[in-house]
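The structure appears right after this line, and notes come after that.
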Amino acid sequence: METFLKYQNIIEKALNRNEIHKNLNESVRFSDQTKAVALGKYTMSDYISNRSELSLSTDLTAIAKSMGAIARNNQIIGHHPDFMYLKGTSNTEKHYIISAFIDIKGSTNLFKKYDEETNMIITNTIQLAAINVCQAFGGFIQRIQGDGLFVYFGGKNVDRSKATQHCLTALGLFSYFVKNDLKRVFEQHGIERIYTKIGVDFGDNDKVLWGVAGKEHTSEIATYSLHTSLAAKMQAYAGSNEIIVGQNIKDRAQFDDKFYSVVAEKRYIFSDQENSFYYTQYVFDWIKYLKSSPYVATSISGDITIKPQILNVPNISSLRETVGENRPYAKIKTR
């Protein structure tokens, strides 16, 4: 998918140039070492230079805007801008939020063939793809956790259903990138599969408490909620490149039921028998959802691409008004 082509290219460079460097150093004579050095390998300085060029396609950012998402840029991890006033205080606030845990699995297999620098470049690039697509759809990166991310969607003056739709769209697009585009790259280099596991849940105003965790400079603005905890637990039940969502997400997204199936291994991610409360978790069929989107085209082979986003063109009558065709004084008199 063209949307993530720049990220894919950087990973290709890191894999290709490191393999060339390794093979040359293993096969050339000492006198030919200068040739190996000349070709070199893809280094951190190369990566830092290329990383500044990383962005998302204009078509994808146009989709986010057309869906009503407001991009959250220039973020400070652990300091959600809507709740920054809590910093340095003991105050709390109850307010809804969507919690998403994204884990990238299998990346440790890279250490079988590549050094620490190469691993950092690859892992960091995959994380940047996730960060950028989440931010474009209004997500706030709360924390980077090893290979994964903890992301919030929603906030003050953001419609709950729209925030849920933005969240599932962003996570679906990222999952497609990992499952398809990256899979092809890694297979070409004989790398064992790398995949995602994602858990998502929604907690409403009465179920999410915002406050400061930690103290002074070792602190973050965090949420205390059953549903934040459940999102992390759901991730553990996700299969390869699966997104698991809670009942609240299913209810809020207002998508067709055909996009969900109950998790066979464990239907109820949480149960409170005393209060007769049983909370269901579902597998969200993100590929089926994306293929149903008016913004996406599907090829005969099943691959998806983002449709070019075209600006609305005014109708003929409004154009006539603009150029004055319907105005009496604009008519040409004839004899």
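In the structure tokens, chains take letters A, B, ... by order of appearance, with residues numbered from 1 within each chain and ligands from 1 in the order shown.
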
Open item on the list: Please list as an MDAnalysis selection string every residue within 8 Å of A:Ser161, counting only C-alpha atoms and excluding residues in the same chain fewer than 5 positions away.
Closed with: chainID A and resid 252:254

Task: Contacts of stretch 233-249 of chain A within 10 Å, only C-alpha atoms, excl. fewer than 5 positions in-chain, as an MDAnalysis selection string - done: chainID A and resid 98 100:105 160:161 164:165 167:168 171:172 174:176 178:179 193:204 227:228 254:255 260:266 268:270 278:287

Closest-contact table, stretch 126-195 of chain A side, partner stretch 106-120 of chain A, 12 Å, counting only C-alpha atoms, as a Markdown table:
| residue | atom | partner | partner_atom | distance |
| --- | --- | --- | --- | --- |
| A:Ile126 | CA | A:Met120 | CA | 10.0 |
| A:Gln127 | CA | A:Met120 | CA | 10.4 |
| A:Leu128 | CA | A:Met120 | CA | 11.8 |
| A:Gly146 | CA | A:Ser107 | CA | 10.5 |
| A:Asp147 | CA | A:Ser107 | CA | 7.8 |
| A:Gly148 | CA | A:Ser107 | CA | 10.6 |
| A:Val178 | CA | A:Gly106 | CA | 11.7 |
| A:Lys183 | CA | A:Gly106 | CA | 11.8 |
| A:Phe186 | CA | A:Leu110 | CA | 9.9 |
| A:His189 | CA | A:Lys113 | CA | 9.9 |
| A:Gly190 | CA | A:Lys113 | CA | 9.7 |
| A:Ile191 | CA | A:Leu110 | CA | 7.1 |
| A:Glu192 | CA | A:Asn109 | CA | 6.7 |
| A:Arg193 | CA | A:Gly106 | CA | 6.4 |
| A:Ile194 | CA | A:Gly106 | CA | 4.7 |
| A:Tyr195 | CA | A:Gly106 | CA | 6.6 |

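Considering only C-alpha atoms, the residue among A:Glu220, A:Glu2, A:Asp206, A:Asp46 positioned nearest to A:Phe83 is A:Glu220.
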
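As for atom CA of A:Glu12 and atom CA of A:Thr43, they are spaced 13.0 Å apart.
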
- [ ] Could you tell me how far atom CA of A:Ser52 lies from atom CA of A:Gln145, in Å and to one decimal?
- [x] 22.5 Å

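Counting only C-alpha atoms, A:Gln8 has the following residues at most 8 Å away, ignoring those fewer than 3 positions along the same chain: A:Phe4, A:Leu5, A:Ile11, A:Glu12, A:Asp181, A:Leu182, A:Val185.
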
Just the selected residues (C-alpha atoms), exported as an mmCIF file, in the first residue's frame, please.
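For reference, part-v4.cif as written:
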data_model
loop_
_atom_site.group_PDB
_atom_site.id
_atom_site.type_symbol
_atom_site.label_atom_id
_atom_site.label_comp_id
_atom_site.auth_asym_id
_atom_site.auth_seq_id
_atom_site.Cartn_x
_atom_site.Cartn_y
_atom_site.Cartn_z
ATOM 1 C CA PHE A 4 3.490 3.316 4.014
ATOM 2 C CA LEU A 5 5.906 3.030 1.087
ATOM 3 C CA ILE A 11 13.420 -1.104 6.141
ATOM 4 C CA GLU A 12 14.451 -2.480 2.738
ATOM 5 C CA ASP A 181 3.577 -4.923 2.968
ATOM 6 C CA LEU A 182 6.126 -5.769 5.669
ATOM 7 C CA VAL A 185 9.764 -7.526 2.652
#

Open item on the list: I need the residues of stretch 43-150 of chain A that end up classed as strand (DSSP E or B) by DSSP on the backbone, written out as a VMD selection string.
Closed with: chain A and resid 93 to 94 97 to 105 139 to 145 148 to 150

Keeping only C-alpha atoms, take the residues you just selected and write them out as an mmCIF file, in the first residue's frame.
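Written file, out-v6.cif:
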data_model
loop_
_atom_site.group_PDB
_atom_site.id
_atom_site.type_symbol
_atom_site.label_atom_id
_atom_site.label_comp_id
_atom_site.auth_asym_id
_atom_site.auth_seq_id
_atom_site.Cartn_x
_atom_site.Cartn_y
_atom_site.Cartn_z
ATOM 1 C CA GLU A 93 -11.294 14.103 36.562
ATOM 2 C CA LYS A 94 -13.695 11.557 35.179
ATOM 3 C CA ILE A 97 -11.320 7.552 26.662
ATOM 4 C CA ILE A 98 -10.450 4.718 24.277
ATOM 5 C CA SER A 99 -7.356 2.735 25.204
ATOM 6 C CA ALA A 100 -5.398 0.789 22.584
ATOM 7 C CA PHE A 101 -2.397 -1.467 23.218
ATOM 8 C CA ILE A 102 -0.317 -2.274 20.135
ATOM 9 C CA ASP A 103 2.328 -4.967 20.458
ATOM 10 C CA ILE A 104 4.779 -5.865 17.695
ATOM 11 C CA LYS A 105 5.673 -9.529 18.048
ATOM 12 C CA GLY A 139 -4.681 9.357 18.616
ATOM 13 C CA PHE A 140 -2.428 10.383 21.493
ATOM 14 C CA ILE A 141 0.679 8.291 22.146
ATOM 15 C CA GLN A 142 0.634 7.737 25.891
ATOM 16 C CA ARG A 143 3.621 5.429 26.121
ATOM 17 C CA ILE A 144 6.190 3.499 24.091
ATOM 18 C CA GLN A 145 6.448 0.030 25.599
ATOM 19 C CA GLY A 148 4.809 -1.614 21.198
ATOM 20 C CA LEU A 149 2.673 1.415 21.956
ATOM 21 C CA PHE A 150 -0.096 2.466 24.321
#

Task: Selection: 9 Å around A:Arg72, only C-alpha atoms, excl. self and same-chain fewer than 5 positions, as a ChimeraX atom specification - done: /A:134-140

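Remark: for A:Ala130, the closest of the candidate residues A:Thr298, A:Asn16, A:Thr3, A:Asn74 is A:Thr3 (distances computed over only C-alpha atoms).
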
- [ ] Using DSSP on the backbone coordinates, identify the residues of stretch 93-136 of chain A assigned to helix (DSSP H, G or I); present them as a ChimeraX atom specification.
- [x] /A:107-112,116-136

Residue subset to file, keeping N, CA and C atoms, as a short mmCIF file (atom, residue, chain, number, x, y, z; two decimals), in the first residue's frame:
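selection-v2.cif, written as the output of this step:
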data_model
loop_
_atom_site.label_atom_id
_atom_site.label_comp_id
_atom_site.auth_asym_id
_atom_site.auth_seq_id
_atom_site.Cartn_x
_atom_site.Cartn_y
_atom_site.Cartn_z
N SER A 107 9.87 -9.50 16.69
CA SER A 107 11.02 -8.67 16.28
C SER A 107 12.33 -9.18 16.87
N THR A 108 12.25 -9.93 17.98
CA THR A 108 13.49 -10.47 18.56
C THR A 108 14.18 -11.45 17.61
N ASN A 109 13.41 -12.00 16.65
CA ASN A 109 14.01 -12.91 15.67
C ASN A 109 15.04 -12.20 14.79
N LEU A 110 14.93 -10.86 14.72
CA LEU A 110 15.87 -10.10 13.90
C LEU A 110 17.30 -10.22 14.43
N PHE A 111 17.43 -10.46 15.74
CA PHE A 111 18.77 -10.56 16.34
C PHE A 111 19.53 -11.80 15.86
N LYS A 112 18.80 -12.73 15.22
CA LYS A 112 19.46 -13.91 14.68
C LYS A 112 20.33 -13.56 13.47
N GLU A 116 22.44 -4.79 16.64
CA GLU A 116 21.54 -3.95 17.43
C GLU A 116 21.11 -2.69 16.68
N GLU A 117 22.03 -2.11 15.92
CA GLU A 117 21.72 -0.89 15.19
C GLU A 117 20.64 -1.14 14.13
N THR A 118 20.78 -2.25 13.40
CA THR A 118 19.80 -2.60 12.38
C THR A 118 18.44 -2.89 13.01
N ASN A 119 18.47 -3.59 14.14
CA ASN A 119 17.23 -3.88 14.85
C ASN A 119 16.55 -2.60 15.30
N MET A 120 17.32 -1.65 15.77
CA MET A 120 16.76 -0.38 16.21
C MET A 120 16.10 0.36 15.05
N ILE A 121 16.78 0.38 13.90
CA ILE A 121 16.24 1.06 12.72
C ILE A 121 14.91 0.45 12.30
N ILE A 122 14.86 -0.89 12.23
CA ILE A 122 13.65 -1.58 11.78
C ILE A 122 12.51 -1.39 12.77
N THR A 123 12.78 -1.64 14.05
CA THR A 123 11.73 -1.52 15.07
C THR A 123 11.22 -0.09 15.16
N ASN A 124 12.16 0.86 15.14
CA ASN A 124 11.79 2.27 15.25
C ASN A 124 10.94 2.71 14.06
N THR A 125 11.25 2.21 12.88
CA THR A 125 10.49 2.59 11.68
C THR A 125 9.07 2.04 11.75
N ILE A 126 8.91 0.81 12.21
CA ILE A 126 7.57 0.23 12.36
C ILE A 126 6.78 1.02 13.39
N GLN A 127 7.42 1.38 14.50
CA GLN A 127 6.75 2.18 15.53
C GLN A 127 6.34 3.55 14.99
N LEU A 128 7.21 4.16 14.19
CA LEU A 128 6.89 5.48 13.62
C LEU A 128 5.68 5.40 12.70
N ALA A 129 5.55 4.30 11.96
CA ALA A 129 4.38 4.11 11.11
C ALA A 129 3.12 4.08 11.96
N ALA A 130 3.17 3.36 13.08
CA ALA A 130 2.03 3.28 13.98
C ALA A 130 1.73 4.64 14.61
N ILE A 131 2.78 5.32 15.05
CA ILE A 131 2.61 6.63 15.69
C ILE A 131 1.96 7.62 14.72
N ASN A 132 2.48 7.68 13.50
CA ASN A 132 1.99 8.67 12.54
C ASN A 132 0.55 8.42 12.11
N VAL A 133 0.19 7.15 11.89
CA VAL A 133 -1.18 6.88 11.47
C VAL A 133 -2.15 7.11 12.62
N CYS A 134 -1.74 6.78 13.84
CA CYS A 134 -2.60 7.03 15.01
C CYS A 134 -2.79 8.53 15.22
N GLN A 135 -1.71 9.30 15.14
CA GLN A 135 -1.80 10.75 15.31
C GLN A 135 -2.69 11.38 14.25
N ALA A 136 -2.58 10.90 13.01
CA ALA A 136 -3.39 11.45 11.92
C ALA A 136 -4.88 11.29 12.19
#

Task: atom CA of A:Lys288 to atom CA of A:Asp257, straight-line distance in Å - done: 11.5 Å

Task: A:Tyr295 surroundings by only C-alpha atoms, 10 Å radius, close-in-sequence under 3 positions cut, as a PyMOL selection string - done: chain A and resi 59-60+62-63+66+290-292+305-309

Take the selection from the previous step and output its residues with all heavy atoms, as a CSV table (one decimal), in the first residue's frame.
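Written out: out37.csv:
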chain,number,residue,atom,x,y,z
A,59,ASP,N,-3.4,11.3,0.6
A,59,ASP,CA,-4.7,10.7,0.5
A,59,ASP,C,-5.2,10.1,1.8
A,59,ASP,O,-6.4,10.3,2.1
A,59,ASP,CB,-4.7,9.6,-0.6
A,59,ASP,CG,-4.6,10.1,-2.0
A,59,ASP,OD1,-5.0,11.2,-2.2
A,59,ASP,OD2,-4.1,9.4,-2.9
A,60,LEU,N,-4.3,9.6,2.6
A,60,LEU,CA,-4.7,9.0,3.8
A,60,LEU,C,-5.0,10.1,4.8
A,60,LEU,O,-6.0,10.0,5.5
A,60,LEU,CB,-3.6,8.1,4.4
A,60,LEU,CG,-4.0,7.4,5.7
A,60,LEU,CD1,-3.5,6.0,5.7
A,60,LEU,CD2,-3.5,8.1,6.9
A,62,ALA,N,-6.1,13.0,4.1
A,62,ALA,CA,-7.4,13.5,3.6
A,62,ALA,C,-8.5,12.7,4.1
A,62,ALA,O,-9.6,13.2,4.4
A,62,ALA,CB,-7.4,13.6,2.1
A,63,ILE,N,-8.4,11.4,4.1
A,63,ILE,CA,-9.4,10.5,4.6
A,63,ILE,C,-9.7,10.8,6.1
A,63,ILE,O,-10.8,10.9,6.5
A,63,ILE,CB,-9.0,9.0,4.5
A,63,ILE,CG1,-9.1,8.6,3.0
A,63,ILE,CG2,-10.0,8.1,5.3
A,63,ILE,CD1,-8.5,7.2,2.7
A,66,SER,N,-11.6,13.9,6.3
A,66,SER,CA,-13.0,13.8,5.8
A,66,SER,C,-13.9,13.0,6.8
A,66,SER,O,-15.1,13.1,6.9
A,66,SER,CB,-13.0,13.1,4.5
A,66,SER,OG,-12.6,11.7,4.6
A,290,LEU,N,-12.1,-2.5,6.2
A,290,LEU,CA,-11.4,-1.7,5.3
A,290,LEU,C,-11.9,-1.8,3.9
A,290,LEU,O,-12.1,-0.8,3.1
A,290,LEU,CB,-9.9,-1.9,5.3
A,290,LEU,CG,-9.1,-1.5,6.6
A,290,LEU,CD1,-7.7,-1.8,6.5
A,290,LEU,CD2,-9.3,0.0,6.8
A,291,LYS,N,-12.1,-3.1,3.4
A,291,LYS,CA,-12.6,-3.3,2.1
A,291,LYS,C,-14.0,-2.8,1.8
A,291,LYS,O,-14.4,-2.6,0.7
A,291,LYS,CB,-12.6,-4.8,1.8
A,291,LYS,CG,-11.1,-5.4,1.6
A,291,LYS,CD,-11.1,-6.8,1.3
A,291,LYS,CE,-9.7,-7.3,1.0
A,291,LYS,NZ,-9.6,-8.7,0.6
A,292,SER,N,-14.8,-2.6,2.9
A,292,SER,CA,-16.1,-2.0,2.8
A,292,SER,C,-16.1,-0.5,2.8
A,292,SER,O,-17.1,0.1,2.5
A,292,SER,CB,-17.0,-2.5,4.0
A,292,SER,OG,-16.6,-1.8,5.2
A,305,THR,N,-5.8,-0.5,-1.8
A,305,THR,CA,-5.1,0.7,-2.0
A,305,THR,C,-6.1,1.9,-1.6
A,305,THR,O,-7.3,1.7,-1.6
A,305,THR,CB,-4.7,0.9,-3.5
A,305,THR,OG1,-5.9,0.9,-4.3
A,305,THR,CG2,-3.7,-0.1,-3.9
A,306,ILE,N,-5.5,3.0,-1.2
A,306,ILE,CA,-6.3,4.1,-0.8
A,306,ILE,C,-6.7,4.9,-2.1
A,306,ILE,O,-5.8,5.1,-3.0
A,306,ILE,CB,-5.5,5.1,0.0
A,306,ILE,CG1,-5.0,4.4,1.3
A,306,ILE,CG2,-6.3,6.3,0.4
A,306,ILE,CD1,-6.1,3.9,2.2
A,307,LYS,N,-8.0,5.1,-2.3
A,307,LYS,CA,-8.4,5.8,-3.4
A,307,LYS,C,-7.9,7.3,-3.4
A,307,LYS,O,-7.9,7.9,-2.3
A,307,LYS,CB,-10.0,5.8,-3.5
A,307,LYS,CG,-10.6,4.5,-3.8
A,307,LYS,CD,-12.1,4.6,-3.8
A,307,LYS,CE,-12.8,3.3,-4.0
A,307,LYS,NZ,-14.2,3.4,-3.9
A,308,PRO,N,-7.5,7.8,-4.5
A,308,PRO,CA,-7.2,9.3,-4.5
A,308,PRO,C,-8.3,10.1,-4.1
A,308,PRO,O,-9.5,9.9,-4.5
A,308,PRO,CB,-6.8,9.5,-6.0
A,308,PRO,CG,-6.5,8.2,-6.6
A,308,PRO,CD,-7.4,7.2,-5.8
A,309,GLN,N,-8.1,11.0,-3.2
A,309,GLN,CA,-9.1,11.9,-2.6
A,309,GLN,C,-9.3,13.1,-3.5
A,309,GLN,O,-8.3,13.9,-3.6
A,309,GLN,CB,-8.8,12.2,-1.2
A,309,GLN,CG,-8.7,11.0,-0.3
A,309,GLN,CD,-9.9,10.1,-0.3
A,309,GLN,OE1,-11.0,10.6,0.1
A,309,GLN,NE2,-9.8,8.9,-0.8

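Minimum atom-to-atom distances from A:Ala297, A:Leu230, A:Leu209, A:Val151 to A:Asn91 were compared using only C-alpha atoms, and the lowest value belongs to A:Leu209.
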